Structures are given as C-alpha cells and as structure tokens.
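J.: One structure, as structure tokens, below. Some questions next.
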Amino acid sequence: MLVDSHCHLSSEELFGRLTEVMERAQSAEVGYVLNAGGLFDELPTQLEICRRYPNVFTLTGVHPHNASEYAEVTVEDVLKNTTEKKVVGIGECGLDYFYDFSPRDVQIKVFRKMITAAQESGLPLVVHTRDAEDDTIELLTDAYKQKKFKGVIHCYSSAWKLAEAALDIGFYISASGIITFNKSEDLRQAFQKVPTNRLLVETDSPYLAPVPLRGKVNEPAYVIHTAKCLATIKTLDLAEISAITTNNFFKLYTKAEK
C-alpha cells in the first residue's frame, strides 16, 4: 500500500472527476491521500472531500502565492481550522521567490504565523520552498531553537543544503515525480543521502506527472511511478519503499487515523 502524501484534489483538474480519480487510486493500491490546502476559503471543499472519502486527510494553511490575501492572518486563524478531525497538518505554506506572486516580506510574515501555529498545535508543518532555500533554512532553524516542531519539505527539488538543514531539525523529505525526470540526476543523488526513515512520496497532482506520464494531468494513482523510482534510488524493492513511506506518513501525521 502507498500513501500519496500531498496532492490537490480540490483543484479544477481533479475535483470534477473525483470518483474516477479515487477509483484509479484504489486500483493502484494507494490506500490514503493527503489533500493539501493553500487558501482558508477552500477548507469547506476540502472537508467535503474528506466526508466523501474516509481515506482522505487534509491540511489548512496559506500558500506563499496567496500570502497577500492573508497578510493579516493570525495564529488563531490557523488554529481554529485545526480543530476539524480530518485536518492533520498545517500547509502548505512557505516561500516562493521564483514566481513572487506575493511580496517577499509578506510571504515571510505569513510563513512565520504558520510555523507558530505548528509549534502551538503540535501538528506537522508542510513546507513549500522554491528559490528561497536560504530564508527557508533560517526561518525554520531559528524557530526550532525557540520551540521544537515537526514537518516536511514537500515536493523536494532543491540542493542538498536544504535537505541537510531540514533533516537536522527532524523534518521529513518528500519525493515527487520530479525525481523521475531525465534532468533530475542531482536530485536523485540527494535522495540517496536521505535516511529511509525520513522519506515520503507524493504526486503534488494535478502537477508534475512522473515519467512515463509527463504531460498528462497528474493524480494520486501515479504516485506508484515515483515510488518505483525512489525504490531504485535506495536499492530497495517497491514493497519495501511502499511500507517504509506509509509507515513514515503515519509517524509524522499522528492525527491521521488508519
């Protein structure tokens, strides 16, 4: 059994055909799915999906792209959403200096609120970072020194420096379909160094469909291709990497019930 530890079932590409998407996931032995959040306004839809599918969990948070819309967000705003049973983590959140859809100072301000919410709730923080590794490392490590918290760098695509810093504070590292791309040899080498007890797999669907499905709309069933690639990287078989990443998921997301 596999867990797709990060996807976007609420997206336009997937939400309209959820029945077939979830049937294909079941056929591919994807036993559980974590549906990410990026806007508080999407939470009702996310929770409705959880009601329809008991094997789906969800998150609450503010994506850096949307930080400007939530510039005055409070820690309490985040925490009140975490009382829902199916909300098992905070995110996705973080910094994105590639697109800069929100000013960087606002991204940092909102990210700090998400970190504090993770510290106060004990729920894992799900971090998005792109072209912002140094600031991400600084914010996470400085906060961790003040009060410990747990989390994951999702859809990992950065240099080893970020993974090393994240692992030092107990974070997990999540592999997406990017590791299957032809030009991702450096990333595959980074994943060789990540301890198996800190690995997760995800699709980040509907984005980043893995080889051999590049160009298609991604969906949870396709996480098996990422898992096969990760198994090769770690010199394991698919059953072993499936068991390891599933076990890791439930160790990190302790609120998620099997």
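Here's how to read the names in the structure tokens: chain A, B, ... by the order shown, residue numbers from 1 in each chain, ligand numbers from 1 in the order shown.
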For segment 219-227 of chain A, work out the shell of residues within 8 Å, counting only C-alpha atoms and skipping chain neighbours fewer than 3 positions away, then give it as JSON, numbers by chain.
T.: {"A": [2, 4, 7, 14, 21, 22, 24, 25, 26, 27, 28, 29, 30, 33, 175, 176, 177, 179, 180, 201, 202, 203, 205, 206, 209, 210, 211, 212, 230, 231, 238, 241, 242]}
J.: For those residues, write N, CA and C atoms to a file as a short mmCIF file (atom, residue, chain, number, x, y, z; two decimals), in the first residue's frame.
T.:
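Contents of part-v2.cif, as written:
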```
data_model
loop_
_atom_site.label_atom_id
_atom_site.label_comp_id
_atom_site.auth_asym_id
_atom_site.auth_seq_id
_atom_site.Cartn_x
_atom_site.Cartn_y
_atom_site.Cartn_z
N LEU A 2 0.43 2.26 -0.74
CA LEU A 2 1.11 3.55 -0.80
C LEU A 2 0.23 4.65 -0.23
N ASP A 4 -0.30 8.73 -0.99
CA ASP A 4 0.05 9.97 -1.69
C ASP A 4 0.01 11.07 -0.64
N CYS A 7 -1.34 16.12 -2.46
CA CYS A 7 -1.99 16.34 -3.76
C CYS A 7 -3.02 17.44 -3.58
N LEU A 14 -8.97 18.05 -10.99
CA LEU A 14 -9.31 16.78 -10.35
C LEU A 14 -10.70 16.75 -9.73
N VAL A 21 -11.01 9.38 -10.32
CA VAL A 21 -9.66 9.59 -9.79
C VAL A 21 -9.42 8.70 -8.57
N MET A 22 -10.39 8.66 -7.68
CA MET A 22 -10.23 7.87 -6.46
C MET A 22 -10.35 6.38 -6.75
N ARG A 24 -9.23 4.97 -9.49
CA ARG A 24 -7.91 4.60 -10.03
C ARG A 24 -6.86 4.53 -8.92
N ALA A 25 -6.97 5.42 -7.95
CA ALA A 25 -6.04 5.37 -6.81
C ALA A 25 -6.19 4.06 -6.06
N GLN A 26 -7.42 3.64 -5.84
CA GLN A 26 -7.65 2.37 -5.15
C GLN A 26 -7.09 1.21 -5.94
N SER A 27 -7.28 1.23 -7.25
CA SER A 27 -6.77 0.16 -8.09
C SER A 27 -5.25 0.10 -8.07
N ALA A 28 -4.61 1.26 -7.88
CA ALA A 28 -3.15 1.32 -7.81
C ALA A 28 -2.63 1.08 -6.40
N GLU A 29 -3.53 0.68 -5.49
CA GLU A 29 -3.17 0.38 -4.10
C GLU A 29 -2.63 1.60 -3.36
N VAL A 30 -3.21 2.76 -3.70
CA VAL A 30 -2.94 3.97 -2.93
C VAL A 30 -4.01 4.02 -1.84
N VAL A 33 -4.69 9.32 1.08
CA VAL A 33 -4.35 10.51 0.31
C VAL A 33 -4.42 11.72 1.23
N ALA A 175 9.41 13.03 -1.86
CA ALA A 175 9.76 12.89 -3.28
C ALA A 175 8.51 12.97 -4.14
N SER A 176 8.59 13.77 -5.19
CA SER A 176 7.51 13.88 -6.17
C SER A 176 7.97 13.30 -7.50
N GLY A 177 7.15 13.45 -8.51
CA GLY A 177 7.50 12.96 -9.83
C GLY A 177 8.75 13.59 -10.42
N ILE A 179 11.64 13.47 -9.37
CA ILE A 179 12.80 12.56 -9.30
C ILE A 179 12.87 11.61 -10.49
N THR A 180 11.77 11.48 -11.24
CA THR A 180 11.77 10.59 -12.41
C THR A 180 12.22 11.30 -13.68
N VAL A 201 6.48 9.95 -0.18
CA VAL A 201 6.25 10.08 -1.62
C VAL A 201 4.94 10.83 -1.83
N GLU A 202 4.87 11.54 -2.94
CA GLU A 202 3.69 12.35 -3.25
C GLU A 202 3.56 12.53 -4.75
N THR A 203 2.40 13.02 -5.16
CA THR A 203 2.22 13.40 -6.57
C THR A 203 2.28 14.91 -6.76
N SER A 205 -0.23 16.30 -7.39
CA SER A 205 -1.18 16.39 -8.50
C SER A 205 -2.16 17.54 -8.27
N PRO A 206 -2.58 18.16 -9.37
CA PRO A 206 -2.53 17.71 -10.77
C PRO A 206 -1.25 18.06 -11.52
N ALA A 209 3.34 15.34 -13.35
CA ALA A 209 3.15 13.91 -13.63
C ALA A 209 4.51 13.25 -13.87
N PRO A 210 4.74 12.09 -13.27
CA PRO A 210 6.04 11.42 -13.41
C PRO A 210 6.20 10.75 -14.76
N VAL A 211 7.46 10.49 -15.10
CA VAL A 211 7.75 9.61 -16.24
C VAL A 211 7.16 8.24 -15.90
N PRO A 212 6.39 7.61 -16.76
CA PRO A 212 6.24 7.83 -18.19
C PRO A 212 4.98 8.60 -18.58
N LEU A 230 12.03 5.88 -6.53
CA LEU A 230 12.66 6.03 -5.23
C LEU A 230 13.22 4.70 -4.74
N ALA A 231 12.50 3.63 -5.00
CA ALA A 231 12.99 2.30 -4.63
C ALA A 231 14.31 2.00 -5.33
N LEU A 238 9.81 -2.32 -4.55
CA LEU A 238 8.63 -1.47 -4.40
C LEU A 238 7.89 -1.75 -3.11
N ILE A 241 9.76 0.04 -0.22
CA ILE A 241 9.62 1.50 -0.19
C ILE A 241 8.19 1.90 0.11
N SER A 242 7.22 1.09 -0.32
CA SER A 242 5.82 1.37 -0.01
C SER A 242 5.58 1.27 1.50
#
```
J.: Find the spatial neighbours of Tyr144 of chain A, counting only C-alpha atoms, within a cut-off of 12 Å - ignore same-chain residues fewer than 4 positions away - and output them as a VMD selection string.
T.: chain A and resid 112 115 to 116 118 to 119 125 137 to 140 148 to 151 165 to 166 168 to 171
J.: Ranking A:Val88, A:Leu200, A:Cys155, A:Leu59 by minimum distance to Leu187 of chain A and counting only C-alpha atoms, which one comes first?
T.: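 With only C-alpha atoms as the atom set, the closest residue is A:Cys155.
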J.: Taking only segment 149-251 of chain A into account, list the residues labelled strand (DSSP E) by DSSP (computed from the backbone), as a VMD selection string.
T.: chain A and resid 151 to 153 172 to 175 199 to 201
J.: Separation of atom CA of Gln189 of chain A and atom CA of Tyr172 of chain A, in Å?
T.: 16.7 Å
J.: From a backbone DSSP assignment, name each residue in segment 6-253 of chain A labelled alpha helix (DSSP H), as a PyMOL selection string.
T.: chain A and resi 12-15+18-27+43-52+75-81+104-121+133-146+160-168+185-193+223-233+238-252
J.: Using only C-alpha atoms, which of A:Asn35, A:Thr45, A:Asn55, A:Thr60 sits nearest Pro124 of chain A?
T.: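 When distances to Pro124 of chain A are compared using only C-alpha atoms, the smallest one comes from A:Thr60.
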J.: Mind pulling up the distance from atom CA of Leu208 of chain A to atom CA of Pro103 of chain A?
T.: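 We find that atom CA of Pro103 of chain A and atom CA of Leu208 of chain A lie 25.4 Å from each other.
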J.: I want to know what sits within 10 Å of His65 of chain A, based on only C-alpha atoms, with residues of the same chain fewer than 6 positions away left out; could you give that as a list in words?
T.: Gly38, Leu39, Cys93, Gly94, Leu95, Asp96, Tyr97, Tyr99, Asp100, Phe101, Ser102, Pro103 and Gln107 of chain A
J.: Go through segment 5-55 of chain A residue by residue and, counting only C-alpha atoms, keep those with an atom at most 10 Å from segment 79-86 of chain A; for each kept residue give the shortest atom pair and its distance in Å to one decimal, ordered by chain and increasing number, as a tab-separated table.
T.:
```
residue	atom	partner	partner_atom	distance
A:Leu34	CA	A:Lys86	CA	9.8
A:Phe40	CA	A:Asn81	CA	8.4
A:Leu43	CA	A:Asn81	CA	8.3
A:Gln46	CA	A:Lys86	CA	9.4
A:Leu47	CA	A:Lys86	CA	7.3
A:Cys50	CA	A:Lys86	CA	7.0
A:Arg51	CA	A:Lys86	CA	8.9
A:Pro54	CA	A:Lys86	CA	9.1
A:Asn55	CA	A:Lys86	CA	9.8
```
J.: Could you turn the residues from that selection into a file that holds C-alpha atoms, as a PDB file, in the first residue's frame?
T.:
```pdb
ATOM      1  CA  LEU A  34      -3.429  13.851   1.873  1.00  0.00           C
ATOM      2  CA  PHE A  40      -8.633  29.059   4.030  1.00  0.00           C
ATOM      3  CA  LEU A  43     -11.313  24.331   3.546  1.00  0.00           C
ATOM      4  CA  GLN A  46     -11.516  20.006   1.374  1.00  0.00           C
ATOM      5  CA  LEU A  47     -13.619  18.775   4.292  1.00  0.00           C
ATOM      6  CA  CYS A  50     -12.894  14.006   3.359  1.00  0.00           C
ATOM      7  CA  ARG A  51     -16.506  13.203   4.164  1.00  0.00           C
ATOM      8  CA  PRO A  54     -12.753   8.310   4.568  1.00  0.00           C
ATOM      9  CA  ASN A  55      -9.200   7.559   3.386  1.00  0.00           C
TER      10      ASN A  55
END
```
J.: Between A:Val62, A:Ala132, A:Val78, A:Leu252, single out the one closest to Ala117 of chain A, counting only C-alpha atoms.
T.: A:Val78
J.: How many Å separate atom CA of Asp186 of chain A from atom CA of Tyr207 of chain A?
T.: 20.8 Å
